[in-house]
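Written out below as structure tokens is the structure these notes cover.
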Amino acid sequence: MHILVVGKSAFSREYGGHQVPITIAGHTSQLMRPLIRWARARGFAVSYASPLEPAGCLMTDPLDALPDGVLDVPFTDVQAAKAPLHIGYLSLEAAIRRAAEQQGPVDWVFLPYAFPLSPLLVSLRDRYGFKLALFLRGGDGYQWLDPQWPGAVEAFGGPEQARIAVGLYQRSLAEADFVGVASAWLGSVVEGFGGRWDAVVESPAAMRLDPGERVWDKAAFAAAPDIRTRYGRLDPTRNWVVSAGRIHPDKNLDLAADIFAGAGLDDWQLVLAGAGDDEGVGDGSLGGLVGDGRAAVIEVPPRVIHALFELSDAYLQTSLPSATFVDARPSSVTSAAFHGKPVVVPIASAGGVAESLSPENLESYGFDVRELRITEPAERAELVARGVRALARLRDTGLRERVGAANAQHAAESSVDAVFDKVWAHLGEQ
């Protein structure tokens, strides 16, 4: 069995003297990385095709590497002199051909985040004899299937061109051999655009995949050279309420700081973990929290991010639906729940966050934001107040433990083996 995984850069590595960073996203850190390791553990031949020049929120980790035995076949997206088109499509097909030449015919191509490559891969399927599995993670389901979405209209040069291009993308989903969606919510959106999907495939929880991997304690984690401190310092003597992901306005880190500042949890520390442009992150209430030792902003490599969830005492989710972003099902929330942590979470009108959490968690630590607009000062203040009340419930140790246990039970099927064994069972039906 030969699997080719195509997508963003999920591993920091050197290729041909060129340093390739990781693109930090839920589906790179928590779908592509464990998928490749899962496939190798089952004895599959695995090839991996990703951009040689990745973009987005990037991180370089000198201790990271592709798992042993994985064939690295990166592709480029350069524009040739005097050519009107980028030639990434040609480079990607060359990567497929190289994988087939070196490891035999490709049986399955796995594409986490289907847009924009799925139409190309559908067109190449018969030529190379592979089957195609698509995994919709977010905007590839709720944005690029909408021909009237302004981003599509702009990208394709007008409404009529967008209608045709989006139609080609929609057809590729219909013609794929398997379509997984990150959440049932995302599946309902895909259906609303006339698309199809076969199963919910969440990004698995961050977890130790090798029993021989290091088991951390807070003091060792706080002192580890692997952990880059951007602001403040980790305090291993405090309880940690964690918020992890890209450092980006979509994640509302200022909101996390305001909620934590108002909750009065004196023996707790807010730990913001992520990669991206941190300009302005230390402003506002977060700056005061960092100065008082009550907050820290850190960068954790994906190869050890599981340790942060294991060591945390609670999780704070603050990304909210907006005109440009909806969290279809954040892997960080799944990871916190899997490790038995309570999650303070906004109950929003869109997104699949709640699917990773137990009913007990939603009742005890959820706060309703469905009618509130974060862009309106008075409504933002009310949103913060509701978040403060929910976060303050962490003082109740018994409640934390009961909800954490309920979350662990609810998310038990989000382990790496459970998620990908389920996928493989579905593929066996194709």
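Chain labels run A, B, ... following the order of the structure tokens; each chain numbers its residues from 1, and ligands are numbered from 1 in the order shown.
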Taking the chain letters and numbering used in this document, name the residues of region 41-170 of chain A that DSSP puts in alpha helix (DSSP H), as a VMD selection string. chain A and resid 41 88 to 103 118 to 128 139 to 142 150 to 156 159 to 170
Find the residues around Ala405 (chain A) up to 12 Å (only C-alpha atoms counted), leave out those fewer than 3 positions away in its own chain, and share them as a count of residues only. 23
Gly284 (chain A) environment, 10 Å, only C-alpha atoms, sequence neighbours closer than 5 positions dropped, as a list in words: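 Listed by chain and then number, they are Asp254, Ala257, Asp258 and Leu289 of chain A.
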Just the residues within 8 Å of Asp64 (chain A), please, counting only C-alpha atoms, with nothing from its chain fewer than 5 positions along; format it as an mmCIF file with C-alpha atoms, in the first residue's frame.
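The file below, selection38.cif, is the result:
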data_model
loop_
_atom_site.group_PDB
_atom_site.id
_atom_site.type_symbol
_atom_site.label_atom_id
_atom_site.label_comp_id
_atom_site.auth_asym_id
_atom_site.auth_seq_id
_atom_site.Cartn_x
_atom_site.Cartn_y
_atom_site.Cartn_z
ATOM 1 C CA PHE A 11 7.549 19.193 9.141
ATOM 2 C CA SER A 12 10.534 21.448 9.677
ATOM 3 C CA ARG A 13 13.410 19.938 7.757
ATOM 4 C CA ARG A 303 6.571 17.557 18.033
#
Between CA of Glu53 (chain A) and CA of Pro150 (chain A), what is the distance, to one decimal in Å? 27.0 Å
Residue contacts of Ala224 (chain A) (12 Å, only C-alpha atoms) excluding same-chain residues fewer than 6 positions away, as an MDAnalysis selection string: chainID A and resid 216:218 233:234 298:301 304 307
Backbone-only DSSP, strand (DSSP E or B) members of region 97-305 of chain A, as a PyMOL selection string: chain A and resi 108-112+131-136+178-181+199-200+228-231+239-246+268-275+295-299
Go ahead and write the selection's residues with N, CA and C atoms as a tab-separated table (two decimals), in the first residue's frame.
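Generated file (out.tsv):
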chain	number	residue	atom	x	y	z
A	108	TRP	N	-3.37	5.59	-2.86
A	108	TRP	CA	-4.26	6.65	-2.37
A	108	TRP	C	-3.48	7.96	-2.28
A	109	VAL	N	-4.10	9.03	-2.72
A	109	VAL	CA	-3.61	10.38	-2.44
A	109	VAL	C	-4.52	10.98	-1.37
A	110	PHE	N	-3.92	11.43	-0.28
A	110	PHE	CA	-4.65	12.10	0.80
A	110	PHE	C	-4.38	13.60	0.68
A	111	LEU	N	-5.44	14.39	0.61
A	111	LEU	CA	-5.31	15.84	0.47
A	111	LEU	C	-6.02	16.54	1.63
A	112	PRO	N	-5.31	16.85	2.72
A	112	PRO	CA	-5.90	17.68	3.76
A	112	PRO	C	-5.98	19.13	3.28
A	131	LYS	N	-6.55	6.45	-6.03
A	131	LYS	CA	-7.81	6.95	-5.51
A	131	LYS	C	-7.53	8.20	-4.68
A	132	LEU	N	-8.56	9.05	-4.54
A	132	LEU	CA	-8.35	10.37	-3.94
A	132	LEU	C	-9.25	10.55	-2.72
A	133	ALA	N	-8.62	10.87	-1.58
A	133	ALA	CA	-9.34	11.16	-0.34
A	133	ALA	C	-9.13	12.63	0.01
A	134	LEU	N	-10.21	13.38	0.11
A	134	LEU	CA	-10.17	14.80	0.46
A	134	LEU	C	-10.59	14.98	1.90
A	135	PHE	N	-9.97	15.94	2.57
A	135	PHE	CA	-10.30	16.23	3.97
A	135	PHE	C	-10.55	17.74	4.08
A	136	LEU	N	-11.83	18.13	4.15
A	136	LEU	CA	-12.19	19.53	4.27
A	136	LEU	C	-12.01	19.97	5.71
A	178	PHE	N	-13.39	9.78	-1.64
A	178	PHE	CA	-13.79	9.95	-0.24
A	178	PHE	C	-13.66	11.41	0.12
A	179	VAL	N	-14.64	11.93	0.87
A	179	VAL	CA	-14.59	13.30	1.36
A	179	VAL	C	-14.89	13.27	2.86
A	180	GLY	N	-13.90	13.65	3.65
A	180	GLY	CA	-14.09	13.78	5.08
A	180	GLY	C	-14.20	15.25	5.45
A	181	VAL	N	-14.98	15.55	6.47
A	181	VAL	CA	-15.14	16.92	6.95
A	181	VAL	C	-14.73	16.99	8.41
A	199	ALA	N	-17.89	11.30	5.77
A	199	ALA	CA	-17.70	11.02	7.20
A	199	ALA	C	-17.09	12.24	7.87
A	200	VAL	N	-17.37	12.39	9.17
A	200	VAL	CA	-16.67	13.39	9.98
A	200	VAL	C	-15.29	12.82	10.34
A	228	ARG	N	10.28	28.25	23.09
A	228	ARG	CA	10.71	29.63	22.91
A	228	ARG	C	9.74	30.56	23.64
A	229	THR	N	10.26	31.38	24.53
A	229	THR	CA	9.44	32.34	25.26
A	229	THR	C	9.45	33.67	24.53
A	230	ARG	N	8.29	34.16	24.17
A	230	ARG	CA	8.17	35.43	23.48
A	230	ARG	C	7.95	36.58	24.46
A	231	TYR	N	7.06	36.38	25.41
A	231	TYR	CA	6.79	37.39	26.44
A	231	TYR	C	6.65	36.67	27.78
A	239	ASN	N	-1.27	26.99	38.34
A	239	ASN	CA	-2.12	26.29	37.39
A	239	ASN	C	-2.06	27.01	36.06
A	240	TRP	N	-2.10	26.26	34.96
A	240	TRP	CA	-2.00	26.86	33.63
A	240	TRP	C	-3.34	26.76	32.92
A	241	VAL	N	-3.87	27.91	32.48
A	241	VAL	CA	-4.99	27.90	31.54
A	241	VAL	C	-4.40	28.29	30.18
A	242	VAL	N	-4.53	27.39	29.23
A	242	VAL	CA	-3.81	27.48	27.96
A	242	VAL	C	-4.76	27.93	26.85
A	243	SER	N	-4.20	28.70	25.91
A	243	SER	CA	-4.87	28.96	24.64
A	243	SER	C	-3.81	28.81	23.56
A	244	ALA	N	-4.04	27.95	22.58
A	244	ALA	CA	-3.00	27.60	21.61
A	244	ALA	C	-3.51	27.76	20.19
A	245	GLY	N	-2.61	28.09	19.28
A	245	GLY	CA	-2.95	28.22	17.87
A	245	GLY	C	-2.10	29.27	17.21
A	246	ARG	N	-2.54	29.71	16.04
A	246	ARG	CA	-1.83	30.78	15.34
A	246	ARG	C	-1.95	32.08	16.13
A	268	TRP	N	-3.31	31.17	39.11
A	268	TRP	CA	-3.28	30.65	37.75
A	268	TRP	C	-2.40	31.53	36.87
A	269	GLN	N	-1.95	30.95	35.75
A	269	GLN	CA	-1.22	31.70	34.73
A	269	GLN	C	-1.86	31.43	33.36
A	270	LEU	N	-2.04	32.50	32.58
A	270	LEU	CA	-2.53	32.38	31.21
A	270	LEU	C	-1.33	32.07	30.31
A	271	VAL	N	-1.40	30.96	29.58
A	271	VAL	CA	-0.32	30.54	28.70
A	271	VAL	C	-0.84	30.57	27.27
A	272	LEU	N	-0.33	31.51	26.49
A	272	LEU	CA	-0.70	31.63	25.08
A	272	LEU	C	0.42	31.01	24.26
A	273	ALA	N	0.08	29.97	23.50
A	273	ALA	CA	1.09	29.24	22.73
A	273	ALA	C	0.75	29.33	21.25
A	274	GLY	N	1.71	29.81	20.45
A	274	GLY	CA	1.43	29.89	19.02
A	274	GLY	C	2.59	30.45	18.24
A	275	ALA	N	2.39	30.51	16.93
A	275	ALA	CA	3.38	31.07	16.02
A	275	ALA	C	2.69	32.11	15.15
A	295	ALA	N	0.95	35.86	33.02
A	295	ALA	CA	0.76	35.40	31.64
A	295	ALA	C	2.11	35.23	30.98
A	296	ALA	N	2.14	34.34	29.99
A	296	ALA	CA	3.34	34.12	29.18
A	296	ALA	C	2.89	33.78	27.77
A	297	VAL	N	3.67	34.23	26.80
A	297	VAL	CA	3.43	33.90	25.40
A	297	VAL	C	4.62	33.07	24.94
A	298	ILE	N	4.34	31.86	24.47
A	298	ILE	CA	5.40	30.92	24.13
A	298	ILE	C	5.17	30.33	22.74
A	299	GLU	N	6.23	29.74	22.19
A	299	GLU	CA	6.16	29.03	20.92
A	299	GLU	C	6.59	27.58	21.17
Neighbouring residues of Leu209 (chain A) were defined as those with any atom within 12 Å, considering only C-alpha atoms; residues of the same chain fewer than 4 positions away were excluded. Please report them as a count of residues only. 19
Name the residues in contact with region 76-91 of chain A at a cut-off of 7 Å, using only C-alpha atoms, excluding same-chain residues fewer than 2 positions from it; report them as a list of chain:residue names.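 Non-adjacent residues within range: A:Pro51, A:Leu52, A:Glu53, A:Pro74, A:Glu93, A:Ala94, A:Ala95.
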As an exercise, work out the distance from CA of Gln161 (chain A) to CA of Phe115 (chain A) in Å and give it to one decimal place.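 Spanning CA of Gln161 (chain A) to CA of Phe115 (chain A) is a straight-line distance of 16.4 Å.
CA of Gly291 (chain A) lies 27.6 Å from CA of Thr60 (chain A).
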